[in-house]
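The file data-v1.txt contains compact mmCIF, C-alpha atoms and all ligand atoms:
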```
# COMPACT_ATOMS: atom_id res chain seq x y z
CA MET A 1 -1.09 -12.60 53.42
CA LYS A 2 -2.66 -15.37 51.35
CA CYS A 3 -5.64 -13.18 50.68
CA CYS A 4 -3.37 -10.30 49.57
CA LEU A 5 -1.34 -12.52 47.26
CA LEU A 6 -4.55 -13.81 45.73
CA SER A 7 -5.93 -10.36 45.13
CA ALA A 8 -2.63 -9.20 43.60
CA ALA A 9 -2.82 -12.16 41.23
CA THR A 10 -6.44 -11.36 40.44
CA LEU A 11 -5.50 -7.75 39.75
CA LEU A 12 -2.73 -8.84 37.42
CA LEU A 13 -5.11 -11.13 35.57
CA PHE A 14 -7.65 -8.35 35.30
CA ALA A 15 -5.02 -5.91 33.99
CA GLY A 16 -3.91 -8.53 31.48
CA ALA A 17 -7.47 -9.06 30.30
CA LEU A 18 -7.96 -5.31 29.96
CA ALA A 19 -4.79 -4.96 27.92
CA ALA A 20 -5.92 -7.80 25.69
CA VAL A 21 -9.20 -6.02 25.08
CA SER A 22 -7.74 -2.59 24.46
CA ALA A 23 -4.43 -3.16 22.71
CA PRO A 24 -4.82 -4.27 19.09
CA ALA A 25 -2.61 -7.16 18.02
CA THR A 26 -3.32 -7.31 14.29
CA LEU A 27 -3.87 -4.89 11.42
CA ARG A 28 -7.51 -5.81 11.50
CA GLN A 29 -8.00 -5.13 15.18
CA ALA A 30 -6.19 -1.82 14.86
CA ALA A 31 -8.32 -0.80 11.90
CA ASP A 32 -11.60 -2.10 13.37
CA SER A 33 -11.18 -0.04 16.49
CA ASP A 34 -11.62 3.10 14.43
CA GLY A 35 -13.92 2.06 11.60
CA MET A 36 -11.06 2.01 9.12
CA LEU A 37 -10.96 -0.50 6.29
CA ILE A 38 -7.79 -2.56 5.86
CA GLY A 39 -8.01 -4.69 2.76
CA THR A 40 -6.13 -6.87 0.35
CA ALA A 41 -6.56 -8.34 -3.10
CA VAL A 42 -7.15 -12.10 -3.01
CA ARG A 43 -6.91 -15.13 -5.25
CA PRO A 44 -9.63 -17.63 -4.32
CA MET A 45 -7.47 -20.52 -5.59
CA GLN A 46 -5.36 -19.98 -2.50
CA PHE A 47 -8.16 -20.18 0.10
CA SER A 48 -7.44 -23.87 0.61
CA GLU A 49 -3.96 -23.03 1.89
CA THR A 50 -4.31 -22.85 5.67
CA LEU A 51 -1.75 -20.13 6.27
CA TYR A 52 -3.15 -18.02 3.46
CA SER A 53 -6.70 -18.15 4.81
CA ALA A 54 -5.73 -17.81 8.46
CA THR A 55 -3.55 -14.76 7.81
CA LEU A 56 -6.22 -13.19 5.64
CA ALA A 57 -9.00 -13.62 8.17
CA ARG A 58 -6.83 -12.47 11.05
CA GLU A 59 -5.36 -9.34 9.47
CA PHE A 60 -7.96 -7.84 7.11
CA ASN A 61 -11.53 -6.64 7.30
CA MET A 62 -11.96 -6.18 3.55
CA ILE A 63 -11.03 -8.20 0.46
CA GLU A 64 -11.14 -7.62 -3.27
CA PRO A 65 -10.85 -10.30 -5.94
CA GLU A 66 -7.52 -9.67 -7.70
CA ASP A 67 -8.75 -11.07 -11.01
CA ALA A 68 -11.96 -13.02 -10.38
CA LEU A 69 -14.35 -10.25 -11.45
CA LYS A 70 -12.47 -9.11 -14.54
CA TRP A 71 -14.05 -9.69 -17.94
CA TRP A 72 -11.48 -12.32 -19.01
CA VAL A 73 -12.28 -14.47 -15.97
CA ILE A 74 -15.99 -13.93 -15.62
CA ARG A 75 -16.87 -13.82 -19.33
CA ARG A 76 -14.62 -16.22 -21.17
CA GLU A 77 -17.62 -16.75 -23.43
CA GLU A 78 -19.80 -13.89 -24.56
CA ASN A 79 -23.06 -15.27 -23.24
CA ASP A 80 -21.85 -17.06 -20.17
CA PHE A 81 -21.09 -15.37 -16.84
CA ASP A 82 -18.93 -17.56 -14.65
CA PHE A 83 -19.41 -16.25 -11.15
CA THR A 84 -17.71 -19.22 -9.46
CA GLN A 85 -14.53 -17.50 -8.28
CA GLY A 86 -16.23 -14.23 -7.39
CA ASP A 87 -18.81 -16.10 -5.33
CA GLU A 88 -16.04 -17.92 -3.48
CA VAL A 89 -14.54 -14.59 -2.48
CA VAL A 90 -17.89 -13.36 -1.24
CA ARG A 91 -18.44 -16.58 0.75
CA PHE A 92 -15.02 -16.26 2.37
CA ALA A 93 -15.65 -12.63 3.24
CA GLU A 94 -19.06 -13.31 4.72
CA ALA A 95 -17.79 -16.25 6.75
CA HIS A 96 -15.18 -13.94 8.27
CA ASN A 97 -17.24 -10.79 8.56
CA MET A 98 -15.29 -8.87 5.94
CA LYS A 99 -16.41 -6.36 3.34
CA VAL A 100 -15.91 -6.96 -0.39
CA ARG A 101 -14.74 -4.39 -2.97
CA GLY A 102 -15.55 -5.18 -6.59
CA HIS A 103 -12.94 -4.73 -9.32
CA CYS A 104 -13.56 -3.81 -12.14
CA LEU A 105 -16.35 -3.22 -14.66
CA VAL A 106 -14.76 -1.12 -17.41
CA TRP A 107 -11.09 -1.50 -18.35
CA HIS A 108 -9.19 -1.32 -21.61
CA GLN A 109 -7.12 -4.40 -20.68
CA TYR A 110 -7.72 -7.98 -19.63
CA ASN A 111 -10.73 -8.39 -21.82
CA PRO A 112 -11.55 -11.75 -23.42
CA ALA A 113 -10.48 -12.41 -27.01
CA TRP A 114 -14.06 -12.48 -28.27
CA LEU A 115 -14.43 -8.82 -27.25
CA SER A 116 -12.69 -7.57 -30.34
CA PRO A 117 -13.32 -3.97 -31.53
CA ALA A 118 -13.70 -5.14 -35.13
CA ASP A 119 -16.66 -7.34 -34.26
CA PHE A 120 -18.94 -4.78 -32.63
CA THR A 121 -20.66 -1.52 -33.53
CA PRO A 122 -20.85 1.28 -30.93
CA ALA A 123 -24.54 0.52 -30.40
CA GLN A 124 -23.76 -3.14 -29.73
CA LEU A 125 -20.93 -2.23 -27.36
CA SER A 126 -23.18 0.15 -25.51
CA ASP A 127 -25.79 -2.60 -24.99
CA LEU A 128 -23.08 -5.09 -24.03
CA LEU A 129 -21.50 -2.83 -21.44
CA LYS A 130 -24.80 -1.76 -19.93
CA ASP A 131 -25.86 -5.38 -19.66
CA HIS A 132 -22.49 -6.38 -18.17
CA ILE A 133 -22.62 -3.69 -15.49
CA ASN A 134 -26.20 -4.57 -14.73
CA ARG A 135 -25.68 -8.33 -14.46
CA MET A 136 -22.51 -8.02 -12.39
CA MET A 137 -23.86 -5.49 -9.95
CA LYS A 138 -27.22 -7.17 -9.53
CA HIS A 139 -25.55 -10.52 -8.90
CA TYR A 140 -23.42 -9.02 -6.15
CA ALA A 141 -25.88 -6.43 -4.78
CA GLY A 142 -25.83 -6.51 -0.99
CA HIS A 143 -22.54 -8.43 -1.03
CA VAL A 144 -20.14 -6.03 -2.74
CA PHE A 145 -20.30 -2.64 -1.06
CA ALA A 146 -18.09 -0.70 -3.48
CA TRP A 147 -17.12 -1.09 -7.12
CA ASP A 148 -14.27 0.17 -9.27
CA VAL A 149 -16.62 1.08 -12.08
CA VAL A 150 -13.94 2.38 -14.44
CA ASN A 151 -10.24 1.53 -14.22
CA GLU A 152 -7.29 3.43 -15.70
CA ALA A 153 -9.07 5.55 -18.32
CA PHE A 154 -6.44 8.32 -18.49
CA ASP A 155 -2.88 8.33 -19.84
CA GLU A 156 0.07 9.99 -18.15
CA LYS A 157 -0.60 13.27 -19.95
CA GLY A 158 -4.11 13.38 -18.56
CA ARG A 159 -5.73 12.53 -21.89
CA LEU A 160 -8.34 9.82 -22.22
CA ARG A 161 -6.78 6.59 -23.39
CA GLU A 162 -7.91 5.21 -26.70
CA SER A 163 -9.90 2.09 -25.95
CA ILE A 164 -12.68 -0.18 -27.04
CA TRP A 165 -15.00 1.61 -24.64
CA TYR A 166 -13.97 5.18 -25.46
CA ASN A 167 -13.30 5.52 -29.18
CA GLN A 168 -12.25 2.22 -30.73
CA PRO A 169 -15.07 2.21 -31.66
CA GLY A 170 -16.47 3.19 -28.24
CA ILE A 171 -20.01 2.98 -26.90
CA GLY A 172 -21.31 5.82 -29.04
CA LEU A 173 -19.63 8.65 -27.11
CA ALA A 174 -16.30 8.64 -28.94
CA ASP A 175 -14.19 11.74 -28.53
CA GLN A 176 -16.64 13.29 -26.08
CA GLY A 177 -14.19 13.29 -23.19
CA THR A 178 -15.41 11.72 -19.96
CA ARG A 179 -18.97 11.16 -21.21
CA TYR A 180 -18.47 7.43 -21.61
CA ILE A 181 -17.20 7.24 -18.03
CA GLU A 182 -20.22 9.22 -16.88
CA GLN A 183 -22.48 6.79 -18.74
CA ALA A 184 -20.86 3.81 -17.01
CA PHE A 185 -21.36 5.42 -13.60
CA ARG A 186 -25.01 6.19 -14.36
CA TRP A 187 -25.64 2.57 -15.42
CA ALA A 188 -23.85 1.36 -12.31
CA HIS A 189 -25.96 3.53 -10.04
CA GLU A 190 -29.14 2.26 -11.70
CA ALA A 191 -28.01 -1.34 -11.28
CA ASP A 192 -27.25 -1.07 -7.56
CA PRO A 193 -28.15 2.26 -5.97
CA GLN A 194 -26.62 1.17 -2.64
CA ALA A 195 -23.14 0.46 -3.96
CA LEU A 196 -20.36 3.00 -3.63
CA LEU A 197 -19.00 3.85 -7.06
CA PHE A 198 -15.28 4.47 -7.57
CA TYR A 199 -13.04 5.60 -10.36
CA ASN A 200 -9.73 3.69 -9.91
CA GLU A 201 -6.39 4.81 -11.32
CA ALA A 202 -2.67 4.05 -11.41
CA GLU A 203 0.15 6.57 -11.11
CA ALA A 204 -2.19 9.45 -10.31
CA GLU A 205 -1.45 9.52 -6.61
CA THR A 206 0.68 12.62 -6.53
CA LEU A 207 0.02 15.97 -8.17
CA ASN A 208 0.68 15.09 -11.80
CA ARG A 209 -1.23 15.63 -15.03
CA LYS A 210 -3.22 12.44 -14.71
CA ALA A 211 -4.23 13.36 -11.18
CA ASP A 212 -5.27 16.83 -12.38
CA ALA A 213 -7.46 15.32 -15.09
CA ILE A 214 -9.16 13.07 -12.52
CA TYR A 215 -9.65 16.01 -10.20
CA GLU A 216 -11.34 18.00 -13.00
CA MET A 217 -13.55 15.00 -13.85
CA VAL A 218 -14.67 14.58 -10.25
CA LYS A 219 -15.36 18.30 -9.94
CA ASP A 220 -17.47 18.20 -13.08
CA PHE A 221 -19.31 15.00 -12.03
CA ARG A 222 -20.07 16.36 -8.58
CA ARG A 223 -21.33 19.67 -10.00
CA ARG A 224 -23.68 17.89 -12.42
CA GLY A 225 -24.81 15.18 -10.05
CA VAL A 226 -23.14 12.25 -11.80
CA PRO A 227 -23.14 9.45 -9.19
CA ILE A 228 -19.53 9.05 -8.11
CA ASP A 229 -18.57 8.28 -4.49
CA GLY A 230 -14.86 7.84 -4.53
CA ILE A 231 -11.48 7.69 -6.14
CA GLY A 232 -9.33 4.58 -5.84
CA MET A 233 -5.62 5.26 -5.80
CA GLN A 234 -3.70 2.16 -6.77
CA VAL A 235 -0.29 3.16 -5.32
CA HIS A 236 1.92 0.53 -6.93
CA ILE A 237 5.34 1.88 -6.02
CA PRO A 238 8.18 0.55 -8.22
CA ASN A 239 11.22 2.37 -6.82
CA LEU A 240 10.93 2.75 -3.04
CA GLN A 241 10.05 6.45 -3.48
CA ILE A 242 6.87 8.33 -2.63
CA ASP A 243 6.21 12.04 -2.43
CA SER A 244 3.87 11.67 0.51
CA ALA A 245 3.19 15.40 0.85
CA ALA A 246 1.89 15.45 -2.74
CA LEU A 247 -0.10 12.26 -2.08
CA ALA A 248 -1.74 13.86 0.96
CA ALA A 249 -2.42 17.08 -0.95
CA ASN A 250 -4.04 15.15 -3.77
CA MET A 251 -6.21 13.14 -1.38
CA SER A 252 -7.19 16.26 0.44
CA ARG A 253 -8.26 18.18 -2.67
CA LEU A 254 -10.37 15.23 -3.83
CA THR A 255 -12.12 14.76 -0.51
CA LYS A 256 -12.95 18.47 -0.49
CA LEU A 257 -15.06 17.79 -3.58
CA GLY A 258 -17.19 15.46 -1.46
CA VAL A 259 -15.83 12.09 -2.54
CA GLN A 260 -13.92 9.63 -0.43
CA VAL A 261 -10.58 8.17 -1.41
CA GLN A 262 -9.32 4.67 -0.88
CA ILE A 263 -5.87 3.25 -1.40
CA THR A 264 -6.73 0.24 -3.49
CA GLU A 265 -3.63 -1.62 -4.71
CA LEU A 266 -0.71 -0.71 -2.49
CA ASP A 267 2.55 -2.53 -2.97
CA VAL A 268 6.13 -1.31 -2.66
CA ALA A 269 8.51 -3.28 -4.85
CA ILE A 270 12.15 -3.94 -4.01
CA PRO A 271 14.76 -4.43 -6.74
CA VAL A 272 15.78 -8.09 -6.72
CA SER A 273 18.86 -9.63 -8.24
CA PRO A 274 18.49 -12.51 -10.71
CA ASP A 275 20.66 -14.75 -8.49
CA LYS A 276 18.05 -14.37 -5.72
CA LYS A 277 20.42 -12.93 -3.12
CA PRO A 278 18.67 -12.32 0.19
CA LEU A 279 16.96 -8.96 0.48
CA HIS A 280 19.10 -6.21 1.93
CA PRO A 281 17.90 -5.03 5.36
CA ASP A 282 18.20 -1.39 4.21
CA ASP A 283 15.73 -2.06 1.40
CA LEU A 284 13.30 -3.73 3.79
CA GLN A 285 13.61 -0.76 6.10
CA ARG A 286 13.11 1.73 3.29
CA GLN A 287 10.10 -0.29 2.14
CA ALA A 288 8.66 -0.08 5.63
CA GLU A 289 9.10 3.69 5.63
CA VAL A 290 7.23 3.98 2.34
CA TYR A 291 4.35 1.87 3.71
CA LYS A 292 4.31 4.07 6.76
CA GLU A 293 4.24 7.30 4.77
CA VAL A 294 1.42 6.09 2.53
CA ALA A 295 -0.62 4.85 5.50
CA ALA A 296 -0.02 8.09 7.38
CA ALA A 297 -1.17 10.19 4.41
CA CYS A 298 -4.42 8.22 4.32
CA LEU A 299 -4.99 8.13 8.05
CA GLN A 300 -4.48 11.86 8.34
CA THR A 301 -6.89 12.65 5.51
CA ARG A 302 -10.45 12.79 6.62
CA GLY A 303 -12.32 10.94 3.87
CA CYS A 304 -9.57 8.42 3.14
CA THR A 305 -11.47 5.36 4.25
CA ALA A 306 -9.41 2.32 3.25
CA ILE A 307 -5.89 1.05 2.87
CA GLN A 308 -5.74 -2.01 0.68
CA THR A 309 -2.64 -3.90 -0.43
CA TRP A 310 -2.40 -5.81 -3.73
CA GLY A 311 -2.08 -9.22 -2.17
CA PHE A 312 -0.49 -9.66 1.23
CA THR A 313 2.18 -12.34 0.88
CA ASP A 314 5.24 -12.10 -1.39
CA LYS A 315 4.44 -15.67 -2.33
CA TYR A 316 1.61 -14.56 -4.63
CA SER A 317 2.40 -10.98 -5.62
CA TRP A 318 1.91 -9.92 -9.25
CA VAL A 319 5.07 -7.76 -9.06
CA GLY A 320 7.54 -10.54 -9.95
CA SER A 321 5.94 -11.53 -13.24
CA HIS A 322 4.93 -7.97 -14.10
CA SER A 323 8.53 -6.73 -13.71
CA ARG A 324 9.98 -9.84 -15.40
CA GLY A 325 11.74 -10.81 -12.23
CA THR A 326 13.52 -7.48 -11.67
CA ARG A 327 11.47 -6.46 -8.66
CA GLY A 328 9.66 -8.32 -5.92
CA ALA A 329 9.03 -8.74 -2.21
CA ALA A 330 6.52 -5.89 -2.38
CA LEU A 331 4.06 -6.92 0.33
CA PRO A 332 3.85 -6.83 4.15
CA PHE A 333 4.22 -10.61 4.58
CA GLY A 334 7.11 -12.67 3.27
CA SER A 335 6.70 -15.80 1.18
CA SER A 336 6.38 -17.91 4.35
CA TYR A 337 3.90 -15.47 5.88
CA ALA A 338 6.40 -13.94 8.29
CA ARG A 339 5.65 -10.33 9.15
CA LYS A 340 8.12 -7.97 7.48
CA PRO A 341 9.17 -4.51 8.71
CA ALA A 342 6.53 -3.18 6.30
CA TYR A 343 3.88 -5.01 8.33
CA GLN A 344 5.16 -3.49 11.53
CA ALA A 345 5.11 -0.02 9.98
CA LEU A 346 1.52 -0.42 8.80
CA PHE A 347 0.47 -1.79 12.14
CA GLU A 348 2.06 1.05 14.08
CA GLU A 349 0.37 3.65 11.92
CA LEU A 350 -3.04 1.98 12.22
CA ALA A 351 -2.69 1.43 15.95
CA SER A 352 -1.56 4.94 16.76
CA PRO A 353 -4.60 7.00 17.77
CA SER A 354 -2.75 10.30 17.61
CA LYS A 355 -2.17 9.83 13.89
CA ARG A 356 -5.78 9.27 12.99
CA HIS A 357 -8.51 11.63 12.06
CA ASN A 358 -11.76 10.66 13.69
CA TYR A 359 -13.94 8.72 11.25
CA ARG A 360 -16.89 9.06 13.49
CA ASP A 361 -16.80 12.77 12.68
CA SER A 362 -17.04 12.13 8.99
CA GLY A 363 -20.61 13.47 8.96
CA SER A 364 -19.10 16.91 8.72
CA LEU A 365 -17.50 16.08 5.40
CA PRO A 366 -19.05 17.84 2.44
CA GLY A 367 -21.04 15.93 -0.13
CA ALA A 368 -24.19 13.90 -0.41
CA SER A 369 -22.38 10.57 -0.65
CA LEU A 370 -20.99 10.73 2.84
CA PRO A 371 -23.91 9.42 4.85
CA LEU A 372 -23.46 6.36 2.67
CA LEU A 373 -19.82 6.29 3.62
CA ARG A 374 -20.69 6.29 7.30
CA PHE A 375 -23.34 3.66 6.75
CA HIS A 376 -20.83 1.41 5.06
CA MET A 377 -18.15 2.00 7.62
CA HIS A 378 -19.99 -0.13 10.18
CA LEU A 379 -18.30 -3.45 9.77
C1 LIG A 401 -3.19 -7.47 -12.13
C2 LIG A 401 -3.22 -8.77 -11.34
O1 LIG A 401 -2.53 -8.61 -10.16
C3 LIG A 401 -2.62 -9.88 -12.16
O2 LIG A 401 -2.86 -11.12 -11.50
C4 LIG A 401 -3.22 -9.93 -13.56
O3 LIG A 401 -2.51 -10.82 -14.32
C5 LIG A 401 -3.16 -8.58 -14.21
O4 LIG A 401 -3.79 -7.62 -13.38
N1 LIG A 401 -3.87 -2.40 -11.95
C6 LIG A 401 -5.07 -3.01 -11.70
C7 LIG A 401 -5.11 -4.45 -11.36
O5 LIG A 401 -6.10 -2.33 -11.64
O6 LIG A 401 -6.28 -5.07 -11.79
C8 LIG A 401 -3.90 -5.18 -11.90
O7 LIG A 401 -3.93 -6.52 -11.41
C9 LIG A 401 -2.64 -4.47 -11.49
C10 LIG A 401 -2.60 -3.07 -12.06
```
Show me, as structure tokens, the structure contained in the file I just sent.
Amino acid sequence: MKCCLLSAATLLLFAGALAAVSAPATLRQAADSDGMLIGTAVRPMQFSETLYSATLAREFNMIEPEDALKWWVIRREENDFDFTQGDEVVRFAEAHNMKVRGHCLVWHQYNPAWLSPADFTPAQLSDLLKDHINRMMKHYAGHVFAWDVVNEAFDEKGRLRESIWYNQPGIGLADQGTRYIEQAFRWAHEADPQALLFYNEAEAETLNRKADAIYEMVKDFRRRGVPIDGIGMQVHIPNLQIDSAALAANMSRLTKLGVQVQITELDVAIPVSPDKKPLHPDDLQRQAEVYKEVAAACLQTRGCTAIQTWGFTDKYSWVGSHSRGTRGAALPFGSSYARKPAYQALFEELASPSKRHNYRDSGSLPGASLPLLRFHMHL
């Protein structure tokens, strides 16, 4: 009898150990088991906070500096690159076996004051931008696997935004449509041929005019061999609504052109009252559903390779200040790092094998960039 009791106990232990090996317990484990990237934007200032770092390392296999690689942080002075914060992010990622996405090289906003259109000719801006892309990408080559080369170049009507890089005064390709974007991608590819190159955009997730313009640009770039590997979809949701069928259709038409898509800045804001009343459970539930729908659209699209949230704790989300306090609580973890229903929804989607396309089959995707995708998927 003693022997039988012992072996029953051993069996139980064995079963427990097996379950521990096979059942994922975190977003990261769920994503890792299928070569999926689960990422978040980070602020290196917060790494010294134990809960921040522990949650980050436990739950994510990819990070992206929220601001540390933007011109206004890295180039406060024209001739001085301050890589301190970006390097900290890379060190954290490498210590925890995470991948790093770079954000961003060309943007009409968040540029330093010295970068004033009146002070530069197109030829000077062209040299400046080429040099910037080159220095940034060479510094991080082998450490940053994918870059948002150009961010938010289109307006809501699908026209190119006026900007210092496009036509005010531009880099010498003013009013020539997407040629300045093409030039930035060609410089980026020269600077680091191994890096995946993304065009990143806001409010172009569903089938609207901006999304159509991006689709046409990708089609044109692919046809002419302009080096573009992916489209980043920001997915900042302000109103607890998402047309997930249109999101999936948009992802699907892009991946059919031979590029991958990544969700790069997901957050789902909840209206908050000025008197800071507790969040309504219905809103938290609706938020969870939106997270679930967005994750499902990605996981079901072969070629959607990453889901990244814009921060992970409500404590440090940009949504509060951006909405002047009218919205908040947009992320999967609360301000004290408690898991919200949104976390649970993301986890269930990632951990559910029936929902996923098989990334290991991604070799059958069209497009020359995809072997690179597979190469980079090995974490
Ligand atoms: C935001 C950051 O979250 C803020 O900290 C910063 O003050 C402004 O930029 N689209 C983007 C991101 O591509 O870079 C923006 O990040 C949010 C909108």
| request: Grab the atom CA of Glu190 of chain A to atom CA of Val100 of chain A distance for me, in Å with one decimal place. | output: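 Here the two named atoms are 19.7 Å from each other.
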| A:Ala249, A:Leu254, A:Ala338, A:Ile237 ranked by distance to ligand LIG 401 (chain A), top pick (using only C-alpha atoms and all ligand atoms) | A:Ile237
| task | Produce as a VMD selection string the set of residues near ligand LIG 401 (chain A), where near means within 10 Å with only C-alpha atoms and all ligand atoms considered. | result | chain A and resid 41 to 43 65 to 70 103 to 104 107 109 to 110 148 150 to 152 200 to 203 232 to 236 264 to 266 310 to 311 316 to 319 321 to 322
| message | What does the structure give for the distance between atom CA of Leu160 of chain A and atom CA of Asp243 of chain A, in Å to one decimal? | response | 24.7 Å
Within 9 Å of (-18.4, -9.6, 2.8) (file coordinates; all atoms listed in the file), which protein or nucleic acid residues are there? I'd like them as a PDB file with C-alpha atoms, in the frame of the given file.
```pdb
ATOM      1  CA  ASN A  61     -11.530  -6.640   7.300  1.00  0.00           C
ATOM      2  CA  MET A  62     -11.960  -6.180   3.550  1.00  0.00           C
ATOM      3  CA  ILE A  63     -11.030  -8.200   0.460  1.00  0.00           C
ATOM      4  CA  VAL A  89     -14.540 -14.590  -2.480  1.00  0.00           C
ATOM      5  CA  VAL A  90     -17.890 -13.360  -1.240  1.00  0.00           C
ATOM      6  CA  ARG A  91     -18.440 -16.580   0.750  1.00  0.00           C
ATOM      7  CA  PHE A  92     -15.020 -16.260   2.370  1.00  0.00           C
ATOM      8  CA  ALA A  93     -15.650 -12.630   3.240  1.00  0.00           C
ATOM      9  CA  GLU A  94     -19.060 -13.310   4.720  1.00  0.00           C
ATOM     10  CA  ALA A  95     -17.790 -16.250   6.750  1.00  0.00           C
ATOM     11  CA  HIS A  96     -15.180 -13.940   8.270  1.00  0.00           C
ATOM     12  CA  ASN A  97     -17.240 -10.790   8.560  1.00  0.00           C
ATOM     13  CA  MET A  98     -15.290  -8.870   5.940  1.00  0.00           C
ATOM     14  CA  LYS A  99     -16.410  -6.360   3.340  1.00  0.00           C
ATOM     15  CA  VAL A 100     -15.910  -6.960  -0.390  1.00  0.00           C
ATOM     16  CA  ARG A 101     -14.740  -4.390  -2.970  1.00  0.00           C
ATOM     17  CA  GLY A 142     -25.830  -6.510  -0.990  1.00  0.00           C
ATOM     18  CA  HIS A 143     -22.540  -8.430  -1.030  1.00  0.00           C
ATOM     19  CA  VAL A 144     -20.140  -6.030  -2.740  1.00  0.00           C
ATOM     20  CA  PHE A 145     -20.300  -2.640  -1.060  1.00  0.00           C
TER      21      PHE A 145
END
```
| request: Tell me, in Å to one decimal, how far atom CA of Pro274 of chain A is from atom CA of Gln344 of chain A. | output: 27.5 Å
| request: Using all atoms listed in the file, find the one residue out of A:Thr40, A:Ser244, A:Asn167, A:Ser273 that sits nearest to Gly328 of chain A. | output: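 Closest to Gly328 of chain A, using all atoms listed in the file: A:Ser273.
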| task | Would you mind listing what lies within 8 Å of segment 283-286 of chain A as a PyMOL selection string, with all atoms listed in the file counted and same-chain residues fewer than 2 positions away left out? | result | chain A and resi 240+270+279-281+288-290+340-342
